[in-house]
file my_file.cif (mmCIF, C-alpha atoms)
data_protein
loop_
_atom_site.label_atom_id
_atom_site.label_comp_id
_atom_site.auth_asym_id
_atom_site.auth_seq_id
_atom_site.Cartn_x
_atom_site.Cartn_y
_atom_site.Cartn_z
CA MET A 1 36.62 -5.83 5.64
CA PHE A 2 34.10 -3.09 5.04
CA ARG A 3 33.62 -4.00 1.41
CA GLN A 4 32.69 -7.55 2.30
CA ILE A 5 30.12 -6.43 4.87
CA TRP A 6 28.29 -4.53 2.16
CA VAL A 7 27.74 -7.64 0.09
CA LEU A 8 24.98 -8.86 2.39
CA PRO A 9 22.59 -5.89 1.96
CA ALA A 10 23.41 -5.74 -1.75
CA LEU A 11 22.23 -9.33 -2.09
CA ALA A 12 19.18 -8.52 0.03
CA ALA A 13 18.37 -5.51 -2.17
CA LEU A 14 18.61 -7.71 -5.24
CA LEU A 15 16.30 -10.26 -3.63
CA LEU A 16 13.78 -7.60 -2.62
CA THR A 17 13.72 -6.22 -6.15
CA SER A 18 13.16 -9.62 -7.68
CA CYS A 19 10.45 -10.51 -5.14
CA ASN A 20 8.25 -7.52 -6.02
CA ASN A 21 5.32 -9.18 -7.77
CA GLY A 22 2.74 -6.99 -9.43
CA GLY A 23 -0.86 -8.08 -9.69
CA CYS A 24 -4.32 -7.03 -8.69
CA TYR A 25 -5.61 -8.89 -5.64
CA ASP A 26 -8.48 -6.54 -4.81
CA THR A 27 -12.11 -7.06 -5.73
CA MET A 28 -12.96 -4.77 -8.63
CA ASP A 29 -16.59 -5.82 -8.97
CA VAL A 30 -18.87 -2.90 -8.16
CA LYS A 31 -22.46 -4.16 -8.12
CA VAL A 32 -25.85 -3.37 -6.69
CA TYR A 33 -26.93 -6.42 -4.67
CA CYS A 34 -30.71 -6.87 -4.56
CA SER A 35 -32.45 -9.58 -2.53
CA PHE A 36 -36.11 -10.63 -2.82
CA TYR A 37 -38.68 -10.38 -0.04
CA SER A 38 -42.15 -11.82 -0.19
CA GLN A 39 -44.64 -9.58 1.59
CA THR A 40 -47.11 -12.47 1.62
CA LEU A 41 -44.72 -15.05 3.11
CA LYS A 42 -42.91 -12.42 5.19
CA LYS A 43 -39.52 -13.86 4.34
CA ALA A 44 -36.70 -13.73 1.82
CA VAL A 45 -37.44 -15.86 -1.24
CA GLN A 46 -35.82 -17.23 -4.35
CA ILE A 47 -37.11 -16.67 -7.88
CA ASP A 48 -36.99 -19.55 -10.35
CA SER A 49 -36.21 -19.12 -14.02
CA ILE A 50 -35.29 -15.45 -14.05
CA THR A 51 -33.79 -13.68 -17.07
CA VAL A 52 -32.20 -10.22 -16.82
CA TRP A 53 -30.62 -7.88 -19.34
CA GLY A 54 -29.67 -4.25 -19.45
CA VAL A 55 -31.68 -1.84 -21.59
CA GLY A 56 -29.37 -0.93 -24.45
CA SER A 57 -27.22 -4.03 -24.10
CA ASP A 58 -27.46 -7.21 -26.12
CA SER A 59 -26.10 -9.61 -23.53
CA LEU A 60 -27.91 -11.36 -20.69
CA ILE A 61 -26.80 -11.18 -17.06
CA TYR A 62 -29.06 -14.05 -15.98
CA ASN A 63 -30.52 -16.55 -18.39
CA ASN A 64 -33.30 -18.67 -16.89
CA ASN A 65 -31.46 -18.90 -13.58
CA SER A 66 -32.75 -19.68 -10.14
CA VAL A 67 -31.52 -16.91 -7.86
CA SER A 68 -32.08 -15.44 -4.41
CA GLU A 69 -30.49 -12.09 -5.30
CA LEU A 70 -29.55 -9.98 -8.29
CA ALA A 71 -26.12 -8.43 -8.75
CA LEU A 72 -26.46 -5.52 -11.16
CA GLU A 73 -23.71 -3.34 -12.57
CA LEU A 74 -24.33 0.34 -13.19
CA ASN A 75 -23.34 2.17 -16.35
CA PRO A 76 -20.54 4.51 -15.19
CA LYS A 77 -21.05 6.80 -18.20
CA THR A 78 -24.57 7.73 -17.20
CA GLN A 79 -26.59 8.47 -14.07
CA GLU A 80 -29.42 6.10 -14.91
CA THR A 81 -29.39 2.41 -15.75
CA LYS A 82 -32.38 0.25 -16.66
CA TYR A 83 -32.66 -3.51 -16.43
CA VAL A 84 -35.44 -5.75 -17.74
CA VAL A 85 -36.36 -8.68 -15.51
CA GLN A 86 -38.37 -11.61 -16.86
CA ALA A 87 -39.70 -14.43 -14.71
CA THR A 88 -41.99 -17.38 -15.40
CA ALA A 89 -44.62 -18.43 -12.87
CA GLY A 90 -47.59 -20.76 -13.39
CA GLY A 91 -46.92 -20.90 -17.10
CA TYR A 92 -47.12 -17.12 -17.46
CA LEU A 93 -44.28 -14.79 -18.38
CA TYR A 94 -43.95 -11.66 -16.26
CA GLN A 95 -41.72 -8.73 -17.11
CA ASP A 96 -40.58 -5.80 -14.99
CA THR A 97 -38.24 -2.89 -15.67
CA LEU A 98 -35.94 -1.71 -12.92
CA THR A 99 -34.78 1.91 -13.11
CA LEU A 100 -31.76 2.84 -11.03
CA LYS A 101 -30.79 6.52 -10.63
CA TYR A 102 -27.46 7.38 -9.05
CA THR A 103 -24.44 9.67 -8.87
CA ASN A 104 -20.93 8.49 -9.73
CA GLN A 105 -17.54 8.88 -8.10
CA PRO A 106 -14.35 7.58 -9.73
CA TRP A 107 -12.15 5.56 -7.38
CA PHE A 108 -8.51 4.66 -7.95
CA GLN A 109 -7.63 1.40 -6.22
CA SER A 110 -3.98 0.75 -7.07
CA MET A 111 -1.43 0.82 -9.87
CA GLU A 112 -2.05 -2.88 -10.50
CA CYS A 113 -5.86 -2.79 -10.35
CA GLY A 114 -6.54 0.63 -11.84
CA CYS A 115 -9.71 2.66 -11.51
CA MET A 116 -13.39 1.88 -10.98
CA VAL A 117 -16.53 3.89 -10.38
CA PHE A 118 -18.38 3.93 -7.07
CA SER A 119 -21.96 5.18 -7.04
CA THR A 120 -24.60 6.44 -4.65
CA LEU A 121 -28.13 5.25 -5.35
CA GLU A 122 -30.64 8.07 -5.47
CA SER A 123 -33.70 6.00 -6.37
CA PHE A 124 -34.71 2.51 -7.44
CA GLY A 125 -37.96 2.17 -9.40
CA THR A 126 -39.96 -0.82 -10.54
CA THR A 127 -42.90 -1.08 -12.93
CA GLY A 128 -44.84 -3.19 -10.42
CA THR A 129 -45.38 -6.36 -12.43
CA ILE A 130 -43.02 -8.64 -10.51
CA PHE A 131 -41.74 -6.30 -7.83
CA GLN A 132 -44.23 -4.12 -6.00
CA SER A 133 -41.56 -1.79 -4.66
CA ALA A 134 -37.89 -1.49 -3.81
CA THR A 135 -36.32 -0.52 -0.50
CA ILE A 136 -32.82 0.93 -0.53
CA LEU A 137 -30.92 -0.42 2.49
CA ASN A 138 -27.47 0.89 1.63
CA PRO A 139 -27.12 3.46 -1.17
CA LYS A 140 -23.30 3.25 -1.35
CA ILE A 141 -22.31 1.02 -4.25
CA ILE A 142 -18.69 0.03 -3.76
CA ASN A 143 -16.42 -2.98 -4.35
CA GLN A 144 -17.87 -4.93 -1.43
CA LYS A 145 -20.71 -7.37 -1.33
CA ILE A 146 -23.30 -5.54 0.74
CA LYS A 147 -27.06 -5.95 0.56
CA ASN A 148 -28.05 -2.67 -1.09
CA VAL A 149 -31.67 -3.14 -2.06
CA VAL A 150 -34.63 -5.33 -1.14
CA LEU A 151 -37.13 -5.98 -3.93
CA ASN A 152 -40.59 -6.57 -2.52
CA ILE A 153 -42.71 -9.17 -4.28
CA MET B 1 37.47 -16.18 -6.89
CA SER B 2 36.05 -18.95 -4.71
CA SER B 3 38.39 -17.86 -1.95
CA SER B 4 37.04 -14.33 -2.21
CA ILE B 5 33.43 -15.51 -2.01
CA TYR B 6 34.27 -17.71 0.94
CA LYS B 7 35.89 -14.80 2.76
CA THR B 8 32.95 -12.55 1.98
CA LEU B 9 30.37 -15.00 3.29
CA PHE B 10 32.50 -15.76 6.30
CA LEU B 11 32.83 -12.10 7.18
CA CYS B 12 29.12 -11.43 6.67
CA LEU B 13 28.19 -14.26 8.99
CA ILE B 14 30.93 -13.80 11.52
CA LEU B 15 30.63 -10.03 11.91
CA PRO B 16 27.85 -10.00 14.49
CA ALA B 17 29.60 -12.79 16.40
CA THR B 18 32.95 -11.02 16.47
CA LEU B 19 31.33 -7.79 17.48
CA SER B 20 29.44 -9.68 20.13
CA VAL B 21 32.66 -11.15 21.51
CA SER B 22 34.17 -7.72 21.38
CA ALA B 23 31.14 -6.36 23.22
CA THR B 24 31.49 -9.05 25.86
CA ASP B 25 35.08 -8.02 26.42
CA LYS B 26 33.95 -4.45 26.47
CA LYS B 27 31.28 -5.27 29.03
CA LYS B 28 33.90 -6.70 31.35
CA LYS B 29 35.82 -3.47 31.07
CA GLU B 30 32.64 -1.49 31.57
CA ASP B 31 32.27 -3.15 34.92
CA VAL B 32 35.27 -1.08 35.86
CA VAL B 33 34.83 2.02 33.64
CA LYS B 34 31.29 3.33 33.41
CA VAL B 35 30.37 4.62 29.94
CA PRO B 36 29.24 8.27 30.09
CA LEU B 37 25.70 9.16 28.98
CA TYR B 38 26.56 11.30 25.97
CA GLN B 39 28.80 9.65 23.39
CA GLY B 40 28.24 11.88 20.36
CA ILE B 41 25.93 12.60 17.47
CA GLN B 42 26.06 11.03 14.01
CA ILE B 43 24.44 12.64 10.99
CA GLY B 44 23.39 10.20 8.26
CA PHE B 45 22.76 11.00 4.60
CA ASP B 46 20.54 8.73 2.51
CA LEU B 47 22.62 7.51 -0.43
CA VAL B 48 19.97 5.63 -2.40
CA SER B 49 17.16 8.20 -2.85
CA PRO B 50 19.24 10.87 -4.67
CA ALA B 51 20.95 8.21 -6.78
CA SER B 52 17.66 6.67 -7.86
CA TYR B 53 17.23 9.60 -10.30
CA LEU B 54 19.97 8.01 -12.39
CA ILE B 55 17.77 5.01 -13.20
CA SER B 56 14.23 6.47 -12.94
CA ASN B 57 12.21 9.69 -12.82
CA SER B 58 11.87 9.35 -9.05
CA TYR B 59 14.23 10.92 -6.57
CA GLY B 60 14.48 12.11 -3.01
CA ALA B 61 16.76 13.11 -0.20
CA GLY B 62 16.92 12.15 3.44
CA ILE B 63 18.97 13.15 6.44
CA LYS B 64 18.93 11.63 9.90
CA ALA B 65 20.63 12.18 13.22
CA ASP B 66 21.13 9.85 16.15
CA ILE B 67 22.51 10.48 19.62
CA ASN B 68 24.70 7.84 21.18
CA LEU B 69 23.67 7.29 24.80
CA TRP B 70 25.88 4.98 26.89
CA ASN B 71 26.91 3.19 23.64
CA LYS B 72 23.60 1.37 24.08
CA TYR B 73 20.69 3.49 22.92
CA PHE B 74 20.48 5.66 19.81
CA PRO B 75 17.37 7.89 19.64
CA THR B 76 16.94 8.83 15.98
CA VAL B 77 15.11 11.45 13.94
CA GLU B 78 14.95 11.55 10.15
CA PHE B 79 13.57 14.09 7.68
CA GLY B 80 13.27 13.62 3.98
CA TYR B 81 11.62 14.51 0.72
CA ALA B 82 10.55 12.17 -2.04
CA ASP B 83 9.24 12.75 -5.53
CA PHE B 84 7.75 9.78 -7.36
CA ASP B 85 6.99 9.53 -11.06
CA LYS B 86 5.93 5.96 -11.74
CA SER B 87 3.98 4.25 -14.49
CA SER B 88 2.31 0.87 -14.40
CA LYS B 89 2.50 -1.68 -17.20
CA ASP B 90 -1.04 -0.60 -18.16
CA GLY B 91 0.12 3.00 -18.61
CA ILE B 92 -1.29 4.48 -15.39
CA ASN B 93 0.96 7.32 -14.29
CA CYS B 94 1.33 8.42 -10.67
CA THR B 95 3.28 11.50 -9.64
CA SER B 96 3.62 12.11 -5.95
CA SER B 97 5.71 14.44 -3.83
CA GLY B 98 5.99 15.29 -0.18
CA GLN B 99 8.00 15.30 3.00
CA TYR B 100 8.34 12.56 5.56
CA PHE B 101 9.47 12.40 9.15
CA LYS B 102 10.63 9.45 11.21
CA VAL B 103 11.36 9.16 14.89
CA GLY B 104 12.53 6.11 16.81
CA ILE B 105 15.25 4.40 18.73
CA ASN B 106 17.96 1.88 17.93
CA LYS B 107 19.51 -0.45 20.45
CA ALA B 108 23.11 -1.60 20.09
CA LEU B 109 23.22 -5.37 19.81
CA SER B 110 27.00 -5.28 19.69
CA TYR B 111 29.64 -2.68 19.05
CA ARG B 112 33.35 -2.07 18.75
CA GLY B 113 35.31 1.04 19.70
CA SER B 114 35.19 3.31 22.72
CA LYS B 115 32.29 5.28 21.21
CA ALA B 116 30.67 2.44 19.26
CA GLU B 117 32.38 3.43 16.05
CA ASP B 118 31.41 0.05 14.59
CA LEU B 119 27.88 -0.87 15.45
CA PHE B 120 25.34 -3.62 14.90
CA PHE B 121 21.87 -2.48 15.93
CA ALA B 122 18.13 -3.09 15.86
CA GLY B 123 15.38 -0.57 16.38
CA ILE B 124 11.81 0.58 16.02
CA HIS B 125 10.67 3.75 14.27
CA TYR B 126 7.45 5.59 13.47
CA GLY B 127 7.19 7.33 10.10
CA PHE B 128 4.74 10.03 9.07
CA SER B 129 4.07 11.74 5.75
CA SER B 130 1.64 14.31 4.44
CA PHE B 131 1.71 14.57 0.67
CA SER B 132 -0.19 15.15 -2.56
CA TYR B 133 -0.32 13.15 -5.76
CA ASN B 134 -1.77 13.08 -9.27
CA LEU B 135 -3.03 10.09 -11.22
CA ASP B 136 -3.20 10.20 -15.00
CA ASN B 137 -4.14 7.95 -17.89
CA LEU B 138 -6.63 6.02 -15.75
CA VAL B 139 -8.78 3.47 -17.50
CA TYR B 140 -11.95 2.24 -15.82
CA TYR B 141 -12.10 -1.42 -14.94
CA PRO B 142 -14.43 -3.01 -17.53
CA ASN B 143 -17.90 -4.12 -16.47
CA TYR B 144 -21.14 -5.24 -18.14
CA TRP B 145 -21.48 -1.84 -19.82
CA LYS B 146 -18.01 -2.08 -21.40
CA ASN B 147 -16.77 1.41 -20.59
CA ASN B 148 -13.11 0.57 -20.30
CA SER B 149 -12.21 2.89 -23.18
CA ASP B 150 -12.79 5.98 -21.02
CA ILE B 151 -9.63 7.67 -19.78
CA THR B 152 -9.63 10.00 -16.81
CA SER B 153 -7.30 11.78 -14.39
CA LEU B 154 -7.44 12.50 -10.68
CA GLU B 155 -5.55 15.63 -9.76
CA ASP B 156 -4.28 17.03 -6.45
CA GLN B 157 -5.23 14.12 -4.25
CA LYS B 158 -4.03 14.57 -0.67
CA ALA B 159 -3.21 11.91 1.89
CA ILE B 160 -1.71 11.51 5.34
CA THR B 161 -0.06 8.27 6.39
CA GLY B 162 1.77 6.80 9.35
CA TRP B 163 3.76 3.62 9.49
CA ILE B 164 5.93 1.53 11.77
CA GLU B 165 9.41 0.33 10.89
CA LEU B 166 11.37 -2.47 12.53
CA THR B 167 15.01 -2.08 11.60
CA ALA B 168 18.34 -3.85 11.87
CA GLY B 169 21.60 -2.59 10.50
CA VAL B 170 25.31 -2.03 10.61
CA ARG B 171 27.43 1.12 10.78
CA ILE B 172 31.16 0.87 10.18
CA GLN B 173 33.75 3.61 10.63
CA VAL B 174 35.60 4.19 7.37
CA HIS B 175 37.95 7.03 8.22
CA GLY B 176 37.95 9.56 11.06
CA PRO B 177 34.41 10.92 11.49
CA ILE B 178 33.14 9.20 8.32
CA SER B 179 31.14 5.96 8.53
CA LEU B 180 29.04 3.95 6.12
CA GLY B 181 26.11 1.74 6.96
CA TRP B 182 22.98 -0.04 5.87
CA THR B 183 19.64 -0.60 7.49
CA ALA B 184 17.19 -3.36 6.67
CA GLN B 185 13.59 -2.29 7.22
CA TYR B 186 10.35 -4.16 7.83
CA LYS B 187 7.58 -1.61 7.30
CA SER B 188 3.85 -1.65 7.75
CA THR B 189 1.36 1.19 7.43
CA MET B 190 -0.63 1.93 10.59
CA HIS B 191 -3.01 4.53 9.24
CA VAL B 192 -3.67 5.85 5.74
CA SER B 193 -6.11 8.66 5.08
CA ASN B 194 -6.98 8.22 1.43
CA GLY B 195 -7.34 10.95 -1.16
CA GLU B 196 -10.81 12.13 -2.11
CA ASN B 197 -11.08 9.59 -4.94
CA SER B 198 -8.17 7.26 -4.44
CA ILE B 199 -5.87 5.18 -2.34
CA PRO B 200 -2.32 6.61 -2.54
CA ALA B 201 -0.07 4.40 -4.66
CA TYR B 202 3.23 5.71 -3.30
CA ILE B 203 4.09 7.19 0.07
CA PRO B 204 7.18 9.40 0.57
CA GLY B 205 9.60 7.69 2.94
CA TYR B 206 7.69 4.42 2.70
CA GLY B 207 7.53 3.57 -0.99
CA GLU B 208 4.84 1.60 -2.75
CA ASN B 209 1.68 1.44 -0.64
CA PHE B 210 1.33 -2.17 0.40
CA LYS B 211 2.03 -3.94 3.64
CA PRO B 212 4.05 -5.46 5.03
CA LYS B 213 6.97 -4.21 3.04
CA LEU B 214 10.69 -4.90 3.16
CA GLY B 215 13.30 -2.32 2.34
CA ILE B 216 16.93 -1.51 2.67
CA ALA B 217 18.65 1.85 3.02
CA PHE B 218 22.29 2.87 2.72
CA TYR B 219 23.74 5.82 4.60
CA LEU B 220 26.88 7.89 4.74
CA TYR B 221 27.44 9.07 8.32
CA TYR B 222 29.38 11.99 9.71
CA LYS B 223 30.19 12.14 13.41
CA LEU B 224 29.93 15.64 14.82
CA PRO B 225 33.12 16.74 16.56
CA PHE B 226 31.50 17.32 19.95
#
call {"tool": "encode", "arguments": {"input": "my_file.cif", "output": "structure tokens"}}
result
Amino acid sequence: MFRQIWVLPALAALLLTSCNNGGCYDTMDVKVYCSFYSQTLKKAVQIDSITVWGVGSDSLIYNNNSVSELALELNPKTQETKYVVQATAGGYLYQDTLTLKYTNQPWFQSMECGCMVFSTLESFGTTGTIFQSATILNPKIINQKIKNVVLNI
Amino acid sequence: MSSSIYKTLFLCLILPATLSVSATDKKKKEDVVKVPLYQGIQIGFDLVSPASYLISNSYGAGIKADINLWNKYFPTVEFGYADFDKSSKDGINCTSSGQYFKVGINKALSYRGSKAEDLFFAGIHYGFSSFSYNLDNLVYYPNYWKNNSDITSLEDQKAITGWIELTAGVRIQVHGPISLGWTAQYKSTMHVSNGENSIPAYIPGYGENFKPKLGIAFYLYYKLPF
């Protein structure tokens, strides 16, 4: 009788083994989220036709998009990343360079998802053409969508 | 062959019922003869963890003890050690080692024998583990700056975890003081203190770190002669 009783857990063990599905279900995007604030209008605003690319990269993050926030990824190999922002207003082209300085911390998420790099923002500079200044709200850059920076227009 | 399968399924399904009937009969007798408080101690040895070394680089050992009170309640403690050496399909390697401790209680749902030699039970347990682990061959998740070629390691990460286990199982007397049994487990972590730079991938006594989690354990039991 005993031998038969053991069949049930053996089948269950087999089922449990076959049901183990690997896969990464966590968010692995680590970005600096920057919203826009008009000091004249005293409210959050959207910028039309904005183009953004990283200094040293040949690909665009935004290409003539209409956006209310920027989501920027930091270079995990360095402690400084620069982005060029171009915007058109009244027929004129304006260009600003954003300089982000930070420290890095590697973070292992899981066997399925692997490793990413979290950062802590030390400073956020602008050249003053489009954005007058930047205010860091939350310096921790992790895999959650949190408003990190407000860019003042 | 079909007869054998039929018998097997029949016995698997009918076991709790037969034990229940037996327990009902027993209960009638108990109306007359009161079961004493102390009914013995059983020591259980985890059969799966040591054997897992045969098919992987991971291994462990666990021992537990339960006290039979009134043939109804079985307070249980368990100690163990686990050593994981696992690799993901992407080549990430995790080595982890540490002790674990579990404490809880099982309740007899039905039993047979004057000292519940054959037992069908359910219970609740709390598990705790403090351990360290290393992560090697880590590749950064690619982003705009395309740095996924970098490989790094995270050494000597330390974590403390606690989890809850809901269990149900069977223990059957094989010969004299020797019994065999299995326990199905529904586990869920209650608290996990992460390592400095990581979430632990494997937890001794719990297994892979996700929740909820189902498991099954097999034990060889020895009943102490007092």
call {"tool": "closest_atom_pairs", "arguments": {"input": "my_file.cif", "of": "stretch 73-174 of chain B", "to": "stretch 117-127 of chain A", "cutoff": "12 Å", "atoms": "all atoms listed in the file", "output": "Markdown table"}}
result
| residue | atom | partner | partner_atom | distance |
| --- | --- | --- | --- | --- |
| B:Leu138 | CA | A:Val117 | CA | 11.5 |
| B:Val139 | CA | A:Val117 | CA | 10.5 |
| B:Tyr140 | CA | A:Val117 | CA | 7.3 |
| B:Tyr141 | CA | A:Val117 | CA | 8.3 |
| B:Pro142 | CA | A:Val117 | CA | 10.2 |
| B:Asn143 | CA | A:Val117 | CA | 10.2 |
| B:Asn147 | CA | A:Val117 | CA | 10.5 |
| B:Asn148 | CA | A:Val117 | CA | 11.0 |
| B:Asp150 | CA | A:Val117 | CA | 11.5 |
| B:Thr152 | CA | A:Val117 | CA | 11.2 |
call {"tool": "write_last_selection", "arguments": {"input": "my_file.cif", "atoms": "C-alpha atoms", "output": "PDB file, in the frame of the given file"}}
result
ATOM      1  CA  LEU B 138      -6.630   6.020 -15.750  1.00  0.00           C
ATOM      2  CA  VAL B 139      -8.780   3.470 -17.500  1.00  0.00           C
ATOM      3  CA  TYR B 140     -11.950   2.240 -15.820  1.00  0.00           C
ATOM      4  CA  TYR B 141     -12.100  -1.420 -14.940  1.00  0.00           C
ATOM      5  CA  PRO B 142     -14.430  -3.010 -17.530  1.00  0.00           C
ATOM      6  CA  ASN B 143     -17.900  -4.120 -16.470  1.00  0.00           C
ATOM      7  CA  ASN B 147     -16.770   1.410 -20.590  1.00  0.00           C
ATOM      8  CA  ASN B 148     -13.110   0.570 -20.300  1.00  0.00           C
ATOM      9  CA  ASP B 150     -12.790   5.980 -21.020  1.00  0.00           C
ATOM     10  CA  THR B 152      -9.630  10.000 -16.810  1.00  0.00           C
TER      11      THR B 152
END
call {"tool": "closest_atom_pairs", "arguments": {"input": "my_file.cif", "of": "chain B", "to": "chain A", "cutoff": "9 Å", "atoms": "all atoms listed in the file", "output": "CSV"}}
result
residue,atom,partner,partner_atom,distance
B:Lys7,CA,A:Gln4,CA,7.9
B:Thr8,CA,A:Gln4,CA,5.0
B:Leu9,CA,A:Gln4,CA,7.9
B:Leu11,CA,A:Gln4,CA,6.7
B:Cys12,CA,A:Ile5,CA,5.4
B:Leu15,CA,A:Ile5,CA,7.9
B:Ser87,CA,A:Met111,CA,7.9
B:Ser88,CA,A:Met111,CA,5.9
B:Lys89,CA,A:Glu112,CA,8.2
B:Asp90,CA,A:Glu112,CA,8.1
B:Ile92,CA,A:Met111,CA,6.6
B:Asn93,CA,A:Met111,CA,8.2
B:Cys94,CA,A:Met111,CA,8.1
B:Leu135,CA,A:Phe108,CA,8.4
B:Leu138,CA,A:Cys115,CA,6.2
B:Val139,CA,A:Cys115,CA,6.1
B:Tyr140,CA,A:Cys115,CA,4.9
B:Tyr141,CA,A:Met116,CA,5.3
B:Pro142,CA,A:Met116,CA,8.2
B:Asn143,CA,A:Glu73,CA,7.0
B:Tyr144,CA,A:Glu73,CA,6.4
B:Trp145,CA,A:Asn75,CA,5.6
B:Lys146,CA,A:Asn75,CA,8.5
B:Asn147,CA,A:Pro76,CA,7.3
B:Asp150,CA,A:Lys77,CA,8.8
B:Thr152,CA,A:Pro106,CA,8.8
B:Leu154,CA,A:Phe108,CA,8.4
B:Val170,CA,A:Ile5,CA,8.7
B:Ile172,CA,A:Phe2,CA,7.1
B:Gln173,CA,A:Phe2,CA,8.7
B:Val174,CA,A:Phe2,CA,7.8
B:Leu180,CA,A:Phe2,CA,8.7
B:Gly181,CA,A:Trp6,CA,8.2
B:Trp182,CA,A:Pro9,CA,7.0
B:Thr183,CA,A:Pro9,CA,8.2
B:Ala184,CA,A:Pro9,CA,7.6
B:Glu196,CA,A:Trp107,CA,8.5
B:Asn197,CA,A:Trp107,CA,4.8
B:Ser198,CA,A:Phe108,CA,4.4
B:Ile199,CA,A:Gln109,CA,5.7
B:Pro200,CA,A:Ser110,CA,7.6
B:Ala201,CA,A:Ser110,CA,5.9
B:Asn209,CA,A:Ser110,CA,8.6
B:Leu214,CA,A:Leu16,CA,7.1
B:Gly215,CA,A:Leu16,CA,7.3
B:Ile216,CA,A:Ala13,CA,6.4
B:Ala217,CA,A:Pro9,CA,8.7
B:Phe218,CA,A:Pro9,CA,8.8
call {"tool": "axis_aligned_box", "arguments": {"input": "my_file.cif", "around": "stretch 35-48 of chain B", "padding_each_side": "4 Å", "output": "JSON"}}
result
{"center_x": 25.2, "center_y": 8.6, "center_z": 13.8, "size_x": 18.4, "size_y": 16.0, "size_z": 40.5}
call {"tool": "atom_distance", "arguments": {"input": "my_file.cif", "atom1": "atom CA of B:Gly176", "atom2": "atom CA of B:Ile124"}}
result
28.1 Å
call {"tool": "atom_distance", "arguments": {"input": "my_file.cif", "atom1": "atom CA of B:Leu224", "atom2": "atom CA of B:Ala116"}}
result
13.9 Å
call {"tool": "closest_residue", "arguments": {"input": "my_file.cif", "among": "B:Phe45, B:Phe84, B:Trp70, B:Tyr206", "to": "B:Tyr222", "atoms": "all atoms listed in the file"}}
result
B:Phe45
call {"tool": "atom_distance", "arguments": {"input": "my_file.cif", "atom1": "atom CA of B:Ala65", "atom2": "atom CA of B:Arg171"}}
result
13.2 Å
call {"tool": "residues_near_point", "arguments": {"input": "my_file.cif", "point": "(7.6, 15.5, -0.8)", "cutoff": "7 Å", "atoms": "only C-alpha atoms", "output": "number ranges by chain"}}
result
B: 81-83, 97-99, 131, 204
call {"tool": "resolve_selection", "arguments": {"input": "my_file.cif", "expression": "the PyMOL selection byres ((chain A and resi 48-52) around 6)", "output": "list of chain:residue names"}}
result
A:Ile47, A:Trp53, A:Leu60, A:Ile61, A:Tyr62, A:Asn63, A:Asn64, A:Asn65, A:Ser66, A:Val84, A:Val85, A:Gln86, A:Ala87
call {"tool": "resolve_selection", "arguments": {"input": "my_file.cif", "expression": "the PyMOL selection byres ((chain A and resi 134) around 7)", "output": "VMD selection string"}}
result
chain A and resid 124 to 125 133 135 to 136 149 to 152
call {"tool": "closest_residue", "arguments": {"input": "my_file.cif", "among": "A:Gln39, A:Thr129, A:Gln144, A:Thr103", "to": "A:Thr88", "atoms": "only C-alpha atoms"}}
result
A:Thr129
